[in-house]
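A.B. asks: Below you'll find input_33.csv; it's CSV, C-alpha atoms.
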```
chain,number,residue,atom,x,y,z
A,20,MET,CA,17.4,-8.6,6.4
A,21,LYS,CA,18.6,-5.7,8.6
A,22,VAL,CA,19.8,-6.6,12.1
A,23,LEU,CA,20.7,-4.6,15.1
A,24,VAL,CA,23.1,-6.1,17.7
A,25,LEU,CA,23.2,-5.1,21.3
A,26,GLU,CA,26.6,-6.4,22.6
A,27,ASP,CA,29.1,-4.8,24.9
A,28,ASP,CA,32.0,-7.2,24.0
A,29,LEU,CA,33.4,-5.1,21.1
A,30,VAL,CA,35.5,-8.0,19.7
A,31,LEU,CA,32.4,-10.3,19.6
A,32,SER,CA,30.2,-7.5,18.3
A,33,ASN,CA,32.6,-6.8,15.4
A,34,GLU,CA,32.8,-10.5,14.6
A,35,ILE,CA,29.0,-10.8,14.5
A,36,VAL,CA,28.7,-7.7,12.3
A,37,THR,CA,31.4,-8.9,9.9
A,38,TYR,CA,30.0,-12.4,9.7
A,39,LEU,CA,26.4,-11.3,9.0
A,40,LYS,CA,27.5,-8.8,6.4
A,41,SER,CA,29.5,-11.6,4.7
A,42,MET,CA,26.1,-13.4,4.5
A,43,ASN,CA,24.5,-10.4,2.7
A,44,MET,CA,22.7,-9.0,5.8
A,45,GLU,CA,22.8,-5.4,6.9
A,46,CYS,CA,24.0,-5.1,10.4
A,47,ASP,CA,24.6,-2.4,13.0
A,48,ALA,CA,25.8,-2.7,16.6
A,49,VAL,CA,25.5,-0.8,19.8
A,50,PHE,CA,27.0,-1.5,23.2
A,51,ASP,CA,24.5,-0.3,25.8
A,52,GLY,CA,20.7,-0.3,26.2
A,53,GLU,CA,20.2,3.4,25.9
A,54,LEU,CA,22.1,3.5,22.6
A,55,PHE,CA,19.9,0.7,21.4
A,56,PHE,CA,16.7,2.8,21.7
A,57,ARG,CA,18.4,5.9,20.1
A,58,GLN,CA,19.3,3.7,17.2
A,59,ILE,CA,15.9,2.2,16.6
A,60,ASN,CA,14.4,5.7,16.8
A,61,ASN,CA,16.4,6.6,13.7
A,62,THR,CA,16.5,3.3,11.7
A,63,THR,CA,14.0,0.4,11.2
A,64,TYR,CA,15.3,-3.1,11.6
A,65,ASP,CA,13.9,-6.6,10.8
A,66,LEU,CA,15.5,-8.3,13.8
A,67,TYR,CA,17.2,-7.6,17.1
A,68,ILE,CA,20.1,-9.6,18.8
A,69,LEU,CA,20.4,-8.8,22.5
A,70,ASP,CA,23.0,-9.7,25.0
A,71,ILE,CA,21.6,-9.7,28.5
A,72,ASN,CA,24.6,-8.3,30.5
A,73,VAL,CA,25.1,-4.9,29.0
A,74,PRO,CA,25.5,-1.4,30.5
A,75,LYS,CA,22.8,1.1,31.4
A,76,LEU,CA,19.7,-1.0,30.4
A,77,ASN,CA,20.2,-4.8,30.3
A,78,GLY,CA,19.1,-6.9,27.4
A,79,LEU,CA,16.0,-8.3,29.2
A,80,ASP,CA,14.8,-4.8,30.1
A,81,VAL,CA,15.4,-3.8,26.5
A,82,CYS,CA,13.4,-6.7,25.3
A,83,LYS,CA,10.5,-5.9,27.7
A,84,LYS,CA,10.5,-2.3,26.7
A,85,VAL,CA,10.5,-3.1,23.0
A,86,ARG,CA,7.5,-5.4,23.4
A,87,GLU,CA,5.5,-2.6,25.0
A,88,THR,CA,5.2,-0.9,21.5
A,89,ASP,CA,6.5,-3.5,19.0
A,90,LYS,CA,5.0,-7.0,19.1
A,91,ASN,CA,6.3,-8.1,15.7
A,92,THR,CA,10.1,-7.6,15.3
A,93,PRO,CA,11.9,-10.9,16.2
A,94,ILE,CA,14.2,-10.8,19.2
A,95,LEU,CA,17.1,-13.3,19.7
A,96,ILE,CA,18.8,-13.3,23.1
A,97,LEU,CA,22.5,-14.1,22.9
A,98,SER,CA,23.9,-14.7,26.4
A,99,ALA,CA,26.4,-16.6,28.5
A,100,TYR,CA,23.6,-17.3,31.0
A,101,ARG,CA,22.6,-20.9,30.3
A,102,GLU,CA,20.2,-21.8,33.2
A,103,ILE,CA,16.6,-22.8,32.4
A,104,GLN,CA,15.3,-19.9,34.5
A,105,ASP,CA,17.4,-17.4,32.4
A,106,LYS,CA,15.8,-18.7,29.3
A,107,LEU,CA,12.3,-18.7,30.8
A,108,ASP,CA,12.8,-15.0,31.9
A,109,ALA,CA,13.8,-14.1,28.4
A,110,PHE,CA,10.8,-15.7,26.8
A,111,THR,CA,8.5,-14.2,29.4
A,112,PHE,CA,9.8,-10.7,28.5
A,113,GLY,CA,9.0,-11.4,24.8
A,114,ALA,CA,12.1,-13.0,23.3
A,115,ASP,CA,11.6,-15.3,20.3
A,116,ASP,CA,14.8,-17.3,20.6
A,117,TYR,CA,17.7,-17.8,22.9
A,118,LEU,CA,21.3,-18.8,21.9
A,119,VAL,CA,23.9,-19.6,24.6
A,120,LYS,CA,27.5,-18.4,24.3
A,121,PRO,CA,29.9,-19.6,23.0
A,122,PHE,CA,28.1,-20.4,19.7
A,123,HIS,CA,28.8,-21.2,16.1
A,124,PHE,CA,28.1,-18.4,13.7
A,125,ASP,CA,26.5,-20.7,11.3
A,126,GLU,CA,23.9,-21.6,13.9
A,127,LEU,CA,23.3,-17.9,14.6
A,128,TYR,CA,22.7,-17.4,10.9
A,129,VAL,CA,20.3,-20.3,10.6
A,130,ARG,CA,18.3,-19.1,13.6
A,131,LEU,CA,18.1,-15.6,12.2
A,132,LEU,CA,16.8,-16.9,8.9
A,133,SER,CA,14.2,-19.0,10.7
A,134,LEU,CA,13.0,-16.0,12.8
A,135,ASN,CA,12.8,-13.8,9.8
A,136,ARG,CA,10.8,-16.4,7.9
A,137,ARG,CA,8.3,-16.9,10.7
A,138,SER,CA,8.0,-13.1,11.1
A,139,THR,CA,7.3,-12.7,7.4
A,140,MET,CA,4.7,-15.4,7.4
A,141,LYS,CA,3.0,-13.8,10.4
A,142,GLN,CA,2.9,-10.4,8.7
A,143,GLU,CA,1.4,-12.0,5.5
A,144,ASP,CA,-1.4,-13.5,7.6
A,145,HIS,CA,-1.8,-10.3,9.5
A,146,GLN,CA,-1.8,-7.7,6.7
A,147,ILE,CA,0.9,-5.0,7.4
A,148,ILE,CA,2.4,-2.5,5.0
A,149,LYS,CA,5.8,-1.3,5.9
A,150,ILE,CA,7.4,1.8,4.2
A,151,LYS,CA,10.7,2.8,5.9
A,152,ASP,CA,9.7,3.6,9.5
A,153,LEU,CA,6.0,3.7,8.7
A,154,GLU,CA,3.9,0.7,9.6
A,155,ILE,CA,0.2,0.4,8.5
A,156,ASP,CA,-1.8,-2.4,10.1
A,157,LEU,CA,-4.6,-3.1,7.7
A,158,ASP,CA,-6.4,-5.6,9.9
A,159,GLU,CA,-6.6,-3.4,13.0
A,160,SER,CA,-6.6,0.0,11.1
A,161,LYS,CA,-3.6,1.2,13.1
A,162,VAL,CA,-0.6,3.3,12.1
A,163,LYS,CA,2.8,3.7,13.6
A,164,ARG,CA,5.9,5.7,12.7
A,165,ASN,CA,9.2,5.0,14.4
A,166,GLN,CA,7.0,2.8,16.8
A,167,GLU,CA,5.0,5.9,17.7
A,168,VAL,CA,1.2,5.3,17.4
A,169,ILE,CA,-0.5,7.8,15.1
A,170,GLU,CA,-4.2,8.3,15.5
A,171,LEU,CA,-6.0,8.8,12.1
A,172,THR,CA,-9.7,9.3,11.2
A,173,PRO,CA,-11.2,6.6,8.9
A,174,LYS,CA,-10.9,8.8,5.8
A,175,GLU,CA,-7.3,9.7,6.7
A,176,PHE,CA,-6.4,6.1,7.2
A,177,GLN,CA,-8.1,5.2,3.8
A,178,LEU,CA,-6.1,7.9,2.1
A,179,LEU,CA,-2.9,6.7,3.6
A,180,VAL,CA,-3.6,3.1,2.5
A,181,ILE,CA,-4.3,4.2,-1.0
A,182,LEU,CA,-1.0,6.1,-1.3
A,183,ALA,CA,0.9,3.2,0.4
A,184,LYS,CA,-0.5,0.6,-2.0
A,185,ALA,CA,0.5,2.7,-5.0
A,186,LYS,CA,4.1,1.9,-3.9
A,187,GLY,CA,5.6,5.2,-5.0
A,188,ARG,CA,3.4,5.8,-8.0
A,189,THR,CA,1.9,9.3,-8.3
A,190,LEU,CA,-1.9,9.3,-7.9
A,191,SER,CA,-4.0,12.2,-9.3
A,192,LYS,CA,-6.7,13.9,-7.2
A,193,ASN,CA,-9.3,12.3,-9.5
A,194,ALA,CA,-7.9,8.8,-8.9
A,195,ILE,CA,-7.9,9.3,-5.1
A,196,ALA,CA,-11.4,10.8,-5.1
A,197,GLU,CA,-12.8,7.9,-7.1
A,198,GLN,CA,-11.3,5.4,-4.6
A,199,ILE,CA,-12.4,7.2,-1.4
A,200,TRP,CA,-15.8,8.6,-2.4
A,201,ASP,CA,-16.6,6.6,-5.6
A,202,VAL,CA,-17.3,9.8,-7.4
A,203,HIS,CA,-15.6,12.3,-9.7
A,204,PHE,CA,-16.4,15.9,-9.3
A,205,GLU,CA,-14.6,19.2,-8.5
A,206,SER,CA,-15.6,19.8,-4.9
A,207,ASN,CA,-14.0,16.5,-3.8
A,208,LEU,CA,-10.8,17.5,-5.5
A,209,ASN,CA,-10.5,20.4,-3.1
A,210,THR,CA,-11.3,18.0,-0.3
A,211,ILE,CA,-8.4,15.8,-1.3
A,212,GLU,CA,-6.0,18.7,-0.7
A,213,VAL,CA,-7.5,19.2,2.8
A,214,TYR,CA,-7.1,15.6,3.7
A,215,ILE,CA,-3.5,15.5,2.4
A,216,ASN,CA,-2.7,18.4,4.7
A,217,PHE,CA,-4.3,16.6,7.6
A,218,LEU,CA,-2.3,13.5,6.9
A,219,ARG,CA,1.0,15.3,6.5
A,220,LYS,CA,0.5,17.0,9.9
A,221,LYS,CA,0.1,13.6,11.5
A,222,ILE,CA,2.5,11.5,9.5
A,223,ASP,CA,5.3,13.9,8.6
A,224,LYS,CA,5.3,17.0,10.8
A,225,ASN,CA,7.3,15.5,13.7
A,226,PHE,CA,9.8,13.6,11.5
A,227,GLU,CA,12.7,14.9,9.6
A,228,GLU,CA,12.1,12.7,6.6
A,229,LYS,CA,8.9,13.5,4.8
A,230,LEU,CA,7.0,10.6,3.2
A,231,ILE,CA,3.9,12.2,1.7
A,232,LEU,CA,5.1,14.2,-1.3
A,233,THR,CA,3.5,16.2,-4.1
A,234,ARG,CA,4.4,16.0,-7.8
A,235,PRO,CA,3.2,19.4,-9.0
A,236,GLY,CA,0.5,19.2,-11.6
A,237,PHE,CA,0.2,15.4,-11.3
A,238,GLY,CA,-0.8,14.5,-7.7
A,239,TYR,CA,0.6,12.8,-4.6
A,240,TYR,CA,2.8,9.9,-3.8
A,241,ILE,CA,4.6,8.2,-0.9
A,242,ASN,CA,8.4,8.4,-0.9
A,243,ILE,CA,9.6,4.7,-0.8
A,244,GLU,CA,13.3,5.4,-1.9
```
Transcribe the structure of this file into structure tokens.

C.D. replies:
Amino acid sequence: MKVLVLEDDLVLSNEIVTYLKSMNMECDAVFDGELFFRQINNTTYDLYILDINVPKLNGLDVCKKVRETDKNTPILILSAYREIQDKLDAFTFGADDYLVKPFHFDELYVRLLSLNRRSTMKQEDHQIIKIKDLEIDLDESKVKRNQEVIELTPKEFQLLVILAKAKGRTLSKNAIAEQIWDVHFESNLNTIEVYINFLRKKIDKNFEEKLILTRPGFGYYINIE
């Protein structure tokens, strides 16, 4: 599990990061709301922990903004505010859980495990393929990269799914053509090259890390390493 913590109390933030790492979780921390969004633009996380009272963009505003584009990543609010209305506001903005300070680290850990388990079960019911910062929603035929929606044609989407399901294995042009067109002949092999180029322009062009790669003489694969 990879966790991002938004907390401006540096002592507490360091304690949370140290504890979660000791429990075999990956964990990063930022101290204001603007830094939070810079961080998630560069790295994909499984779960967010948000303090409410932080600089520049408070935790509730961060939660609300995240939910505009990301309905799935679990969010736990960690706050000294303990009134019922504070909790209701957090859940209204899309939080999945709320833990009042001060707290026991063991309780935080258990809640994170529970949120991650629920999220995993939800994704299994709603078929989603995640590769690094790429998310492919099989049920709704939607694609995102770094939470940015990418519009694909049906054939482009089908090609991306075929590559993603190969999980890093190289697929020949013949193998791809047979899965997309159910035929095997030379003209469609040239068509595969055209569609790969279309896909690269949409999936890779605006991102530093390239995901759709070529193995010369063999075919194409998605970089999962």

A.B. asks: With a distance cut-off of 6 Å and all atoms listed in the file, select the neighbouring residues of Leu69 in chain A, excluding the residue or stretch itself and same-chain residues fewer than 2 positions from it, and output the selection as a ChimeraX atom specification.

C.D. replies: /A:25,78,96-97

A.B. asks: Taking only C-alpha atoms into account, name the residue in A:Asp70, A:Glu159, A:Asp28, A:Asp116 that is nearest to Gln146 in chain A.

C.D. replies: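 Ranking A:Asp70, A:Glu159, A:Asp28, A:Asp116 by distance to Gln146 in chain A, first place goes to A:Glu159.
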
A.B. asks: Given all atoms listed in the file as the basis, pick out the residue of A:Asp65, A:Glu102, A:Asp152, A:Asp158 nearest to Leu230 in chain A.

C.D. replies: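 Using all atoms listed in the file, Leu230 in chain A sits closest to A:Asp152.
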
A.B. asks: As a PDB file with C-alpha atoms, in the frame of the given file, please: the residues near Gln58 in chain A (cut-off 12 Å, only C-alpha atoms, same-chain neighbours under 5 positions excluded).

C.D. replies:
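Result saved to selection23.pdb:
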```
ATOM      1  CA  VAL A  22      19.800  -6.600  12.100  1.00  0.00           C
ATOM      2  CA  LEU A  23      20.700  -4.600  15.100  1.00  0.00           C
ATOM      3  CA  VAL A  24      23.100  -6.100  17.700  1.00  0.00           C
ATOM      4  CA  LEU A  25      23.200  -5.100  21.300  1.00  0.00           C
ATOM      5  CA  ASP A  47      24.600  -2.400  13.000  1.00  0.00           C
ATOM      6  CA  ALA A  48      25.800  -2.700  16.600  1.00  0.00           C
ATOM      7  CA  VAL A  49      25.500  -0.800  19.800  1.00  0.00           C
ATOM      8  CA  PHE A  50      27.000  -1.500  23.200  1.00  0.00           C
ATOM      9  CA  ASP A  51      24.500  -0.300  25.800  1.00  0.00           C
ATOM     10  CA  GLY A  52      20.700  -0.300  26.200  1.00  0.00           C
ATOM     11  CA  GLU A  53      20.200   3.400  25.900  1.00  0.00           C
ATOM     12  CA  THR A  63      14.000   0.400  11.200  1.00  0.00           C
ATOM     13  CA  TYR A  64      15.300  -3.100  11.600  1.00  0.00           C
ATOM     14  CA  TYR A  67      17.200  -7.600  17.100  1.00  0.00           C
ATOM     15  CA  ASN A 165       9.200   5.000  14.400  1.00  0.00           C
TER      16      ASN A 165
END
```

A.B. asks: Within 10 Å of (1.1, 7.2, -2.1), in the coordinates the file gives, what residues turn up when you count only C-alpha atoms, written out as number ranges by chain?

C.D. replies: A: 178-190, 195, 230-233, 238-243

A.B. asks: To one decimal place, how far is CA of Arg137 in chain A from CA of Ser41 in chain A in Å?

C.D. replies: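 Value for the CA of Arg137 in chain A-CA of Ser41 in chain A distance: 22.7 Å.
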
A.B. asks: Find the residue from A:Leu39, A:Phe237, A:Glu170, A:Glu228 that sits nearest to Ala194 in chain A; use only C-alpha atoms when measuring.

C.D. replies: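 So, comparing all the options, the nearest one is A:Phe237.
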
A.B. asks: CA of Val129 in chain A to CA of Lys83 in chain A: how many Å, to one decimal?

C.D. replies: 24.4 Å

A.B. asks: What does the structure give for the distance between CA of Asp125 in chain A and CA of Asp80 in chain A, in Å to one decimal?

C.D. replies: 27.3 Å

A.B. asks: Would you pick out the contacts of Phe110 in chain A at 10 Å or less, using all atoms listed in the file, so that residues sharing its chain but fewer than 3 positions from it are not included, and give the list as a list in words?

C.D. replies: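 Once the nearby chain positions are removed, what remains is Leu79, Cys82, Lys83, Ile94, Leu95, Ile96, Gln104, Asp105, Lys106, Leu107, Gly113, Ala114, Asp115, Asp116 and Tyr117 of chain A.
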
A.B. asks: Which one of A:Leu171, A:Ile103, A:Ile68, A:Ile199 sits closest to Leu131 in chain A if you count only C-alpha atoms?

C.D. replies: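 Closest candidate: A:Ile68.
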
A.B. asks: A:Asp156, A:Glu175, A:Glu26, A:Glu126: which is nearest Thr210 in chain A, counting all atoms listed in the file?

C.D. replies: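 Looking only at the distances to Thr210 in chain A, the closest residue turns out to be A:Glu175.
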
A.B. asks: Name the closest residue to Glu244 in chain A among the candidates A:Ile150, A:Met42, A:Ser32, A:Phe112; distances are taken between atoms, counting all atoms listed in the file.

C.D. replies: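 Looking only at the distances to Glu244 in chain A, the closest residue turns out to be A:Ile150.
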